[in-house]
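Chemist: I'm passing along model.txt; it holds compact mmCIF, C-alpha atoms.
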# COMPACT_ATOMS: atom_id res chain seq x y z
CA MET A 1 106.24 151.50 139.14
CA SER A 2 106.48 152.23 142.82
CA LEU A 3 109.07 150.73 145.07
CA VAL A 4 109.21 150.22 148.78
CA TRP A 5 112.14 151.97 150.43
CA GLU A 6 113.16 150.93 153.90
CA VAL A 7 113.98 153.95 156.04
CA PHE A 8 116.56 153.88 158.83
CA ARG A 9 117.05 156.81 161.13
CA ARG A 10 119.65 158.01 163.60
CA GLU A 11 118.17 159.90 166.48
CA ARG A 12 121.33 161.79 167.42
CA ALA A 13 125.01 161.84 166.50
CA GLY A 14 126.71 158.68 167.69
CA ALA A 15 123.50 156.67 168.02
CA PRO A 16 123.03 153.58 165.84
CA MET A 17 120.88 153.63 162.72
CA GLN A 18 117.60 151.93 163.49
CA HIS A 19 114.82 150.82 161.23
CA ALA A 20 112.09 153.47 161.28
CA GLY A 21 109.61 152.19 158.72
CA SER A 22 109.19 152.46 154.98
CA VAL A 23 107.93 154.73 152.23
CA VAL A 24 106.46 153.88 148.84
CA ALA A 25 107.91 156.00 146.07
CA PRO A 26 108.48 155.76 142.31
CA ASP A 27 112.16 156.69 142.49
CA GLU A 28 114.93 157.78 144.83
CA ARG A 29 114.07 161.49 144.67
CA PHE A 30 110.47 160.90 145.66
CA ALA A 31 111.64 158.52 148.37
CA GLU A 32 113.94 161.21 149.75
CA ILE A 33 111.19 163.82 149.90
CA TYR A 34 108.70 161.42 151.48
CA ALA A 35 111.21 160.09 154.02
CA ARG A 36 112.08 163.66 155.05
CA GLU A 37 108.41 164.41 155.58
CA GLN A 38 107.61 161.26 157.48
CA TYR A 39 110.74 160.60 159.52
CA GLY A 40 112.57 163.90 159.72
CA ARG A 41 110.38 166.97 159.86
CA ARG A 42 109.77 166.92 163.61
CA GLY A 43 113.45 167.03 164.45
CA GLU A 44 113.33 163.36 165.44
CA SER A 45 116.21 162.32 163.21
CA GLU A 46 119.77 163.45 162.73
CA ALA A 47 120.25 161.34 159.61
CA LEU A 48 118.26 158.92 157.44
CA TRP A 49 119.27 155.99 155.26
CA LEU A 50 117.08 154.91 152.38
CA VAL A 51 117.43 151.37 151.12
CA PRO A 52 115.36 149.90 148.28
CA ARG A 53 113.69 146.83 149.71
CA ASP A 54 115.00 144.79 146.76
CA ALA A 55 118.54 145.55 147.90
CA VAL A 56 117.97 143.94 151.27
CA ALA A 57 119.15 140.34 151.55
CA GLU A 58 116.89 138.62 154.00
CA ILE A 59 117.77 135.57 156.11
CA ASP A 60 114.86 134.22 158.06
CA GLU A 61 115.73 130.57 158.63
CA PHE A 62 118.10 129.39 161.31
CA VAL A 63 118.64 125.63 161.49
CA ASP A 64 119.57 124.11 164.82
CA GLU A 65 118.95 120.41 164.24
CA PHE A 66 121.28 119.17 166.95
CA ASP A 67 120.28 121.62 169.66
CA LEU A 68 123.73 123.16 169.85
CA LYS A 69 122.58 125.61 172.43
CA TYR A 70 126.08 126.17 173.79
CA ARG A 71 126.66 128.19 170.62
CA ARG A 72 123.91 130.62 171.47
CA VAL A 73 124.32 133.70 173.58
CA ASP A 74 121.96 132.41 176.23
CA GLY A 75 124.09 129.22 176.40
CA TYR A 76 123.36 126.40 178.80
CA SER A 77 120.98 126.78 181.61
CA ILE A 78 123.21 125.89 184.59
CA LYS A 79 120.61 126.55 187.23
CA GLU A 80 119.71 122.87 187.79
CA ARG A 81 123.30 121.66 187.59
CA LEU A 82 124.46 124.32 189.99
CA LYS A 83 121.78 123.29 192.45
CA GLU A 84 122.86 119.62 192.26
CA ALA A 85 126.49 120.54 192.70
CA ARG A 86 125.71 122.65 195.74
CA GLU A 87 123.69 119.85 197.30
CA ARG A 88 126.59 117.45 196.81
CA ALA A 89 128.97 119.90 198.36
CA GLY A 90 126.58 120.72 201.20
CA THR A 91 126.69 124.43 200.42
CA VAL A 92 123.03 125.04 199.56
CA PRO A 93 122.45 128.73 200.29
CA GLY A 94 119.89 129.33 203.02
CA MET B 1 111.89 207.76 149.08
CA PRO B 2 110.97 206.33 152.47
CA GLU B 3 111.32 202.59 153.07
CA PRO B 4 107.96 200.83 152.65
CA SER B 5 106.39 199.75 155.94
CA ARG B 6 106.58 196.14 157.07
CA ALA B 7 102.87 195.81 156.40
CA GLU B 8 103.27 196.98 152.81
CA THR B 9 106.18 194.61 152.25
CA LEU B 10 104.95 191.55 154.11
CA LEU B 11 101.16 191.51 153.93
CA PRO B 12 101.00 190.45 150.25
CA LEU B 13 103.50 187.68 151.02
CA ALA B 14 101.61 186.58 154.14
CA ASP B 15 98.32 186.48 152.22
CA ASP B 16 99.95 184.47 149.41
CA GLU B 17 101.32 181.92 151.88
CA LEU B 18 98.01 181.57 153.74
CA ILE B 19 95.93 181.13 150.59
CA VAL B 20 98.35 178.86 148.72
CA GLY B 21 98.62 176.78 151.88
CA TRP B 22 94.86 176.59 152.07
CA ARG B 23 94.56 175.63 148.39
CA ASN B 24 97.24 172.95 148.74
CA SER B 25 95.48 171.60 151.82
CA GLU B 26 92.43 170.89 149.65
CA TRP B 27 94.40 167.82 148.46
CA THR B 28 94.56 166.35 151.94
CA GLY B 29 92.94 162.95 151.81
CA ILE B 30 92.53 162.94 148.02
CA ALA B 31 96.10 163.30 146.67
CA PRO B 32 97.12 160.79 143.96
CA PHE B 33 98.65 158.40 146.50
CA LEU B 34 99.16 158.19 150.21
CA GLU B 35 102.82 159.23 150.54
CA GLU B 36 102.10 162.28 148.38
CA ASP B 37 99.09 163.09 150.51
CA VAL B 38 101.32 163.30 153.58
CA ALA B 39 104.02 165.30 151.80
CA PHE B 40 101.71 167.83 150.13
CA SER B 41 99.70 168.32 153.31
CA SER B 42 102.94 168.99 155.13
CA ILE B 43 103.92 171.60 152.57
CA ALA B 44 100.49 173.20 152.97
CA GLN B 45 101.03 173.34 156.74
CA ASN B 46 104.46 174.91 156.29
CA GLU B 47 103.00 177.65 154.10
CA ILE B 48 100.32 178.44 156.66
CA GLY B 49 103.06 178.46 159.32
CA HIS B 50 104.99 181.03 157.28
CA ALA B 51 101.82 183.10 156.98
CA ARG B 52 101.41 183.02 160.76
CA ALA B 53 104.97 184.21 161.37
CA LEU B 54 104.58 187.00 158.81
CA TYR B 55 101.19 188.12 160.16
CA GLU B 56 102.66 188.27 163.67
CA LEU B 57 105.39 190.60 162.49
CA VAL B 58 102.88 192.81 160.64
CA ALA B 59 100.39 192.69 163.54
CA GLU B 60 103.05 194.07 165.88
CA GLU B 61 103.46 197.10 163.63
CA LEU B 62 99.72 197.62 163.10
CA GLY B 63 98.69 196.99 166.71
CA THR B 64 96.44 194.04 165.86
CA THR B 65 96.78 190.23 165.99
CA ALA B 66 97.80 187.59 163.47
CA ASP B 67 94.36 185.97 163.71
CA GLU B 68 92.56 189.20 162.96
CA LEU B 69 94.75 189.77 159.92
CA ALA B 70 94.28 186.21 158.71
CA TYR B 71 90.53 185.86 159.26
CA ASP B 72 88.76 189.13 159.87
CA ARG B 73 89.45 191.28 156.83
CA ALA B 74 86.94 191.85 154.02
CA PRO B 75 87.64 189.70 150.93
CA GLY B 76 88.55 192.82 148.94
CA ASP B 77 91.30 193.66 151.44
CA TYR B 78 93.29 190.48 150.89
CA ARG B 79 96.38 191.18 148.86
CA CYS B 80 97.18 187.67 147.67
CA ALA B 81 98.11 187.15 144.03
CA PRO B 82 95.33 185.76 141.83
CA LEU B 83 97.55 182.70 141.14
CA VAL B 84 96.92 181.35 144.64
CA GLN B 85 93.23 182.22 144.62
CA LEU B 86 92.36 179.87 141.75
CA ARG B 87 90.80 176.55 142.66
CA ARG B 88 92.27 173.89 140.38
CA MET B 89 91.57 170.34 141.49
CA ASP B 90 93.64 168.87 138.71
CA TRP B 91 97.03 167.43 139.62
CA ALA B 92 98.92 168.80 136.59
CA ALA B 93 97.49 172.28 137.23
CA THR B 94 98.39 171.98 140.90
CA ILE B 95 101.98 171.07 140.02
CA ALA B 96 102.12 173.88 137.43
CA ARG B 97 100.99 176.37 140.10
CA HIS B 98 103.41 174.85 142.62
CA VAL B 99 106.32 175.31 140.18
CA LEU B 100 105.28 178.87 139.23
CA TYR B 101 104.68 179.86 142.84
CA GLU B 102 107.82 178.33 144.32
CA THR B 103 110.04 179.78 141.58
CA ALA B 104 108.53 183.25 142.04
CA ASP B 105 108.65 182.91 145.82
CA ALA B 106 112.35 182.04 145.73
CA ILE B 107 113.09 185.28 143.83
CA ARG B 108 111.06 187.37 146.24
CA ILE B 109 112.49 185.71 149.36
CA GLU B 110 116.05 186.18 148.07
CA ALA B 111 115.34 189.90 147.72
CA LEU B 112 113.80 190.13 151.21
CA SER B 113 116.79 188.33 152.74
CA SER B 114 118.89 191.40 152.06
CA SER B 115 116.32 193.83 153.48
CA ALA B 116 117.64 196.70 155.60
CA ASP B 117 115.07 195.74 158.27
CA PRO B 118 116.72 192.93 160.27
CA ALA B 119 113.35 191.44 161.28
CA VAL B 120 112.33 191.16 157.63
CA ALA B 121 115.69 189.75 156.55
CA GLY B 122 115.57 187.27 159.43
CA ILE B 123 112.11 185.94 158.71
CA ALA B 124 112.93 185.65 155.00
CA ALA B 125 115.98 183.53 155.78
CA ARG B 126 113.96 181.28 158.11
CA ILE B 127 111.21 180.83 155.53
CA ASP B 128 113.75 180.02 152.86
CA ARG B 129 115.20 177.15 154.88
CA GLU B 130 111.84 175.38 154.59
CA GLU B 131 111.15 176.50 151.05
CA VAL B 132 114.22 174.56 149.92
CA TYR B 133 112.19 171.37 150.42
CA HIS B 134 109.15 172.78 148.68
CA ARG B 135 111.33 173.56 145.68
CA MET B 136 112.77 170.04 145.73
CA HIS B 137 109.25 168.66 145.81
CA ALA B 138 108.11 170.90 142.92
CA GLU B 139 111.20 169.98 140.95
CA MET B 140 110.74 166.24 141.34
CA TRP B 141 107.11 166.44 140.19
CA LEU B 142 108.08 168.65 137.29
CA SER B 143 110.61 166.06 136.12
CA ARG B 144 108.10 163.29 136.66
CA LEU B 145 105.41 164.94 134.54
CA GLN B 146 107.91 165.94 131.85
CA ALA B 147 109.02 162.32 131.56
CA SER B 148 105.87 161.15 129.76
CA ASP B 149 103.99 162.53 126.75
CA GLU B 150 100.72 162.74 128.61
CA GLY B 151 102.32 164.33 131.68
CA ARG B 152 104.12 166.91 129.57
CA ALA B 153 101.02 167.77 127.55
CA ARG B 154 98.91 168.28 130.66
CA LEU B 155 101.63 170.27 132.38
CA ASP B 156 102.20 172.49 129.33
CA ALA B 157 98.49 173.23 129.01
CA ALA B 158 98.35 174.21 132.68
CA LEU B 159 101.49 176.36 132.36
CA ASP B 160 100.01 178.17 129.36
CA GLU B 161 96.91 178.99 131.37
CA LEU B 162 98.66 179.92 134.62
CA TRP B 163 101.74 181.78 133.38
CA PRO B 164 100.05 185.25 133.35
CA TYR B 165 99.01 184.55 136.95
CA GLY B 166 102.55 183.46 137.84
CA LEU B 167 103.87 186.82 136.63
CA GLY B 168 101.42 188.56 138.94
CA VAL B 169 103.09 187.11 142.05
CA LEU B 170 106.10 189.39 141.61
CA ASP B 171 106.73 193.09 141.30
CA ALA B 172 107.38 194.24 137.74
CA GLU B 173 111.15 194.50 138.19
CA GLN B 174 111.44 190.86 139.33
CA ARG B 175 109.45 189.40 136.44
CA PRO B 176 112.26 189.10 133.88
CA GLU B 177 114.14 186.93 136.39
CA LEU B 178 111.12 184.62 136.76
CA HIS B 179 110.72 184.43 133.00
CA GLY B 180 114.40 183.56 132.54
CA ARG B 181 114.52 180.92 135.28
CA LEU B 182 111.37 179.18 134.10
CA GLU B 183 112.16 179.14 130.40
CA GLU B 184 115.56 177.70 131.18
CA ARG B 185 114.15 175.01 133.47
CA LEU B 186 111.16 174.15 131.31
CA SER B 187 113.06 174.25 127.99
CA ARG B 188 110.09 175.91 126.38
CA ALA B 189 108.82 179.39 125.61
CA LEU B 190 106.12 180.85 127.82
CA PRO B 191 103.21 182.67 126.19
CA ASP B 192 103.46 186.40 125.76
CA ALA B 193 100.71 187.55 128.09
CA ALA B 194 99.76 190.45 130.32
CA PRO B 195 100.25 189.64 134.02
CA VAL B 196 97.17 189.07 136.16
CA GLU B 197 97.99 191.66 138.77
CA ARG B 198 97.77 191.49 142.53
CA GLY B 199 94.73 193.40 143.74
CA SER B 200 92.28 191.67 141.44
CA HIS B 201 90.12 189.01 143.02
CA GLU B 202 89.03 185.75 141.47
CA PRO B 203 85.41 184.75 142.19
CA GLU B 204 86.54 181.63 144.07
CA LEU B 205 88.46 183.67 146.65
CA ALA B 206 85.22 184.73 148.35
CA ASP B 207 84.16 181.06 148.61
CA LEU B 208 87.53 180.13 150.09
CA LEU B 209 87.39 182.93 152.66
CA GLY B 210 83.80 182.05 153.54
CA GLU B 211 84.79 178.47 154.26
CA MET B 212 88.06 179.39 155.97
CA THR B 213 86.35 181.69 158.46
CA ILE B 214 83.18 179.69 159.05
CA VAL B 215 84.14 178.45 162.51
CA ARG B 216 85.56 181.78 163.59
CA ARG B 217 82.43 183.60 162.46
CA SER B 218 80.22 181.11 164.29
CA ALA B 219 81.41 182.50 167.62
CA PRO B 220 80.88 186.06 168.90
CA ALA B 221 83.63 188.53 168.01
CA GLY B 222 86.46 188.39 170.52
CA ALA B 223 85.67 184.80 171.57
CA ARG B 224 88.60 183.03 173.17
CA TRP B 225 89.36 179.56 171.89
If you convert what's in this file into structure tokens, what do you get?
Modeler:
Amino acid sequence: MSLVWEVFRRERAGAPMQHAGSVVAPDERFAEIYAREQYGRRGESEALWLVPRDAVAEIDEFVDEFDLKYRRVDGYSIKERLKEARERAGTVPG
Amino acid sequence: MPEPSRAETLLPLADDELIVGWRNSEWTGIAPFLEEDVAFSSIAQNEIGHARALYELVAEELGTTADELAYDRAPGDYRCAPLVQLRRMDWAATIARHVLYETADAIRIEALSSSADPAVAGIAARIDREEVYHRMHAEMWLSRLQASDEGRARLDAALDELWPYGLGVLDAEQRPELHGRLEERLSRALPDAAPVERGSHEPELADLLGEMTIVRRSAPAGARW
């Protein structure tokens, strides 16, 4: 039975591993050969990681029922509030 | 005894690599599954790349070009081993040939790596760095076929047929090494058979060469592409 192997590649020493794609192979040895051919033979990779897709724990649901946007990296939008504050202070930039 | 010329040493090897590459490329688009199609086509391309590098080295010595050596000789002048000439569109036979060829090639390349001619030793070492992956590929398929009764039976039948051809890839003094390595890896005896020697030509070689040169022959001699 064939398995899907997710392939990660590092472009050069020090760079992060990034998802490159996948290969379908019956076992790890076949996966290694196929990943070398498809993601390594043009000198585009310094290293590869092979991960059986089954070994990947996926999280694809992120609940935010109460709109706690201050917890997110983009945070509050302060544009409007800043504008109001500037108007109150009489320092609206020209 | 004088050292053999580069042409004598390398032309049989170059012809083997070109023709085995061509035969392997016949699986492009029709290999058993898509990932294998990509991998086997890539191996075919590598072999043809090795042929090009070898022809260039020989062409320098003979005052000709790699293209002329690859495409313009008469079928009878090709020095490739009969093993690579055979057309076998059966996957077990293809893997059997792949195993026989790569094992024999490793022995021959090892010997060339210690050649007194630095250009020959250098090219052998460069070729070997790619052949490592061809051997890994052959090895994984060998294990795969050996793992089932049907796979093993088909592989063994193909090995029985192709073994005398496998012997013909190497010079007589290198054959015991091939025999030893294969029997150890295959855990089986190989038939006692006379080698099919280099210099003989299988009928399907002429067809291959006809097809391989069809575009080149369609243009006047000396055409620039």
Chemist: Hey, what's within 7 Å of B:Ile48 if we count all atoms listed in the file and toss same-chain stuff fewer than 6 positions away? As an MDAnalysis selection string, please?
Modeler: chainID B and resid 17:18 21
Chemist: Residues of chain A within 8 Å of chain B, counting all atoms listed in the file, what are they? List them as a list in words.
Modeler: Val23, Val24, Ala25, Arg29, Phe30, Ile33, Tyr34, Glu37 and Gln38 of chain A
Chemist: Would you list the residues near (120.2, 156.9, 164.0), meaning any protein, DNA or RNA residue with an atom at most 10 Å from that point in file coordinates, counting all atoms listed in the file, as a JSON list (two decimals) with C-alpha atoms, keeping the file's coordinate frame?
Modeler:
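That gives us point05.json:
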[["chain", "number", "residue", "atom", "x", "y", "z"],
["A", 8, "PHE", "CA", 116.56, 153.88, 158.83],
["A", 9, "ARG", "CA", 117.05, 156.81, 161.13],
["A", 10, "ARG", "CA", 119.65, 158.01, 163.60],
["A", 11, "GLU", "CA", 118.17, 159.90, 166.48],
["A", 12, "ARG", "CA", 121.33, 161.79, 167.42],
["A", 13, "ALA", "CA", 125.01, 161.84, 166.50],
["A", 14, "GLY", "CA", 126.71, 158.68, 167.69],
["A", 15, "ALA", "CA", 123.50, 156.67, 168.02],
["A", 16, "PRO", "CA", 123.03, 153.58, 165.84],
["A", 17, "MET", "CA", 120.88, 153.63, 162.72],
["A", 18, "GLN", "CA", 117.60, 151.93, 163.49],
["A", 19, "HIS", "CA", 114.82, 150.82, 161.23],
["A", 20, "ALA", "CA", 112.09, 153.47, 161.28],
["A", 44, "GLU", "CA", 113.33, 163.36, 165.44],
["A", 45, "SER", "CA", 116.21, 162.32, 163.21],
["A", 46, "GLU", "CA", 119.77, 163.45, 162.73],
["A", 47, "ALA", "CA", 120.25, 161.34, 159.61],
["A", 48, "LEU", "CA", 118.26, 158.92, 157.44],
["A", 49, "TRP", "CA", 119.27, 155.99, 155.26]]
Chemist: Using all atoms listed in the file, pick whichever of A:Arg88, A:Lys79, A:Lys69, A:Arg53 has the shortest atom-to-atom distance to A:Leu3.
Modeler: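 Nearest candidate to A:Leu3 out of A:Arg88, A:Lys79, A:Lys69, A:Arg53: A:Arg53.
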Chemist: With all atoms listed in the file as the counted atoms, please give the residues lying no more than 10 Å from B:Pro164, apart from itself and same-chain residues fewer than 6 positions off, as a list in words.
Modeler: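 What passes the distance filter is Pro82, Leu83, Leu190, Pro191, Asp192, Ala193, Ala194, Pro195, Val196 and Glu197 of chain B.
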Chemist: Between atom CA of B:Val120 and atom CA of B:Asp15, what is the spacing in Å?
Modeler: 15.7 Å
Chemist: Find the residues around B:Leu100 up to 12 Å (all atoms listed in the file counted), leave out those fewer than 4 positions away in its own chain, and share them as number ranges by chain.
Modeler: B: 20, 81, 83-84, 93-96, 104-107, 134-135, 138-139, 142, 155, 158-170, 175, 178-179, 181-183, 185-186, 190
Chemist: Figure out the distance between atom CA of B:Arg154 and atom CA of B:Ser25, please, to one decimal in Å.
Modeler: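 Taking atom CA of B:Ser25 and atom CA of B:Arg154, their separation equals 21.7 Å.
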Chemist: Have a look at B:Thr28, B:Thr213, B:Ser187, B:Gln174 and name the one nearest to B:Ala111; count all atoms listed in the file.
Modeler: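 So, comparing all the options, the nearest one is B:Gln174.
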Chemist: So which one's closest to B:Asn46, A:Leu68, A:Ser77, A:Arg41, A:Ala55? Using only C-alpha atoms, please.
Modeler: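 Nearest candidate to B:Asn46 out of A:Leu68, A:Ser77, A:Arg41, A:Ala55: A:Arg41.
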Chemist: Work out how far atom CA of B:Ala51 is from atom CA of B:Trp91, in Å to one decimal.
Modeler: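 Between atom CA of B:Trp91 and atom CA of B:Ala51 the gap is 23.9 Å.
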Chemist: My list of candidates is B:Arg129, B:Arg23, B:Arg152, B:His201. Which is closest to B:Tyr78 when distances are computed with all atoms listed in the file?
Modeler: B:His201
Chemist: Kindly write stretch 169-194 of chain B with N, CA and C atoms to a file, as a short mmCIF file (atom, residue, chain, number, x, y, z; two decimals), in the first residue's frame.
Modeler:
data_model
loop_
_atom_site.label_atom_id
_atom_site.label_comp_id
_atom_site.auth_asym_id
_atom_site.auth_seq_id
_atom_site.Cartn_x
_atom_site.Cartn_y
_atom_site.Cartn_z
N VAL B 169 29.03 -7.64 -19.92
CA VAL B 169 29.32 -6.21 -19.71
C VAL B 169 30.79 -6.02 -19.31
N LEU B 170 31.35 -7.03 -18.62
CA LEU B 170 32.70 -6.87 -18.06
C LEU B 170 33.75 -7.66 -18.82
N ASP B 171 35.00 -7.21 -18.64
CA ASP B 171 36.12 -7.99 -19.15
C ASP B 171 36.22 -9.28 -18.34
N ALA B 172 36.83 -10.30 -18.97
CA ALA B 172 36.85 -11.63 -18.35
C ALA B 172 37.38 -11.60 -16.92
N GLU B 173 38.41 -10.77 -16.66
CA GLU B 173 39.01 -10.85 -15.32
C GLU B 173 38.12 -10.24 -14.24
N GLN B 174 37.12 -9.44 -14.64
CA GLN B 174 36.23 -8.83 -13.64
C GLN B 174 34.98 -9.67 -13.39
N ARG B 175 34.79 -10.70 -14.17
CA ARG B 175 33.53 -11.47 -14.07
C ARG B 175 33.37 -12.24 -12.77
N PRO B 176 34.45 -12.85 -12.23
CA PRO B 176 34.26 -13.56 -10.96
C PRO B 176 33.75 -12.63 -9.85
N GLU B 177 34.18 -11.38 -9.88
CA GLU B 177 33.74 -10.41 -8.88
C GLU B 177 32.23 -10.16 -9.02
N LEU B 178 31.77 -10.03 -10.26
CA LEU B 178 30.33 -9.82 -10.50
C LEU B 178 29.53 -11.02 -10.01
N HIS B 179 30.03 -12.20 -10.36
CA HIS B 179 29.37 -13.44 -9.96
C HIS B 179 29.25 -13.51 -8.44
N GLY B 180 30.35 -13.21 -7.75
CA GLY B 180 30.37 -13.26 -6.28
C GLY B 180 29.41 -12.26 -5.66
N ARG B 181 29.48 -11.01 -6.14
CA ARG B 181 28.62 -9.97 -5.55
C ARG B 181 27.15 -10.29 -5.74
N LEU B 182 26.81 -10.78 -6.94
CA LEU B 182 25.38 -11.03 -7.22
C LEU B 182 24.86 -12.24 -6.46
N GLU B 183 25.65 -13.31 -6.44
CA GLU B 183 25.15 -14.50 -5.73
C GLU B 183 24.96 -14.19 -4.25
N GLU B 184 25.85 -13.37 -3.71
CA GLU B 184 25.72 -13.03 -2.30
C GLU B 184 24.46 -12.19 -2.08
N ARG B 185 24.24 -11.21 -2.95
CA ARG B 185 23.09 -10.32 -2.77
C ARG B 185 21.78 -11.03 -3.06
N LEU B 186 21.79 -11.89 -4.07
CA LEU B 186 20.54 -12.52 -4.49
C LEU B 186 20.21 -13.77 -3.69
N SER B 187 21.19 -14.27 -2.93
CA SER B 187 21.03 -15.53 -2.19
C SER B 187 20.52 -16.65 -3.10
N ARG B 188 21.08 -16.71 -4.27
CA ARG B 188 20.72 -17.81 -5.16
C ARG B 188 21.88 -18.04 -6.13
N ALA B 189 21.90 -19.25 -6.71
CA ALA B 189 22.95 -19.55 -7.69
C ALA B 189 22.53 -18.99 -9.04
N LEU B 190 23.50 -18.55 -9.81
CA LEU B 190 23.21 -18.07 -11.16
C LEU B 190 23.56 -19.18 -12.14
N PRO B 191 22.82 -19.27 -13.25
CA PRO B 191 23.07 -20.40 -14.16
C PRO B 191 24.49 -20.38 -14.72
N ASP B 192 24.98 -21.56 -14.98
CA ASP B 192 26.31 -21.70 -15.56
C ASP B 192 26.15 -21.49 -17.07
N ALA B 193 26.58 -20.33 -17.55
CA ALA B 193 26.30 -20.04 -18.96
C ALA B 193 27.46 -19.27 -19.57
N ALA B 194 27.62 -19.43 -20.88
CA ALA B 194 28.66 -18.70 -21.59
C ALA B 194 28.24 -17.24 -21.74
#
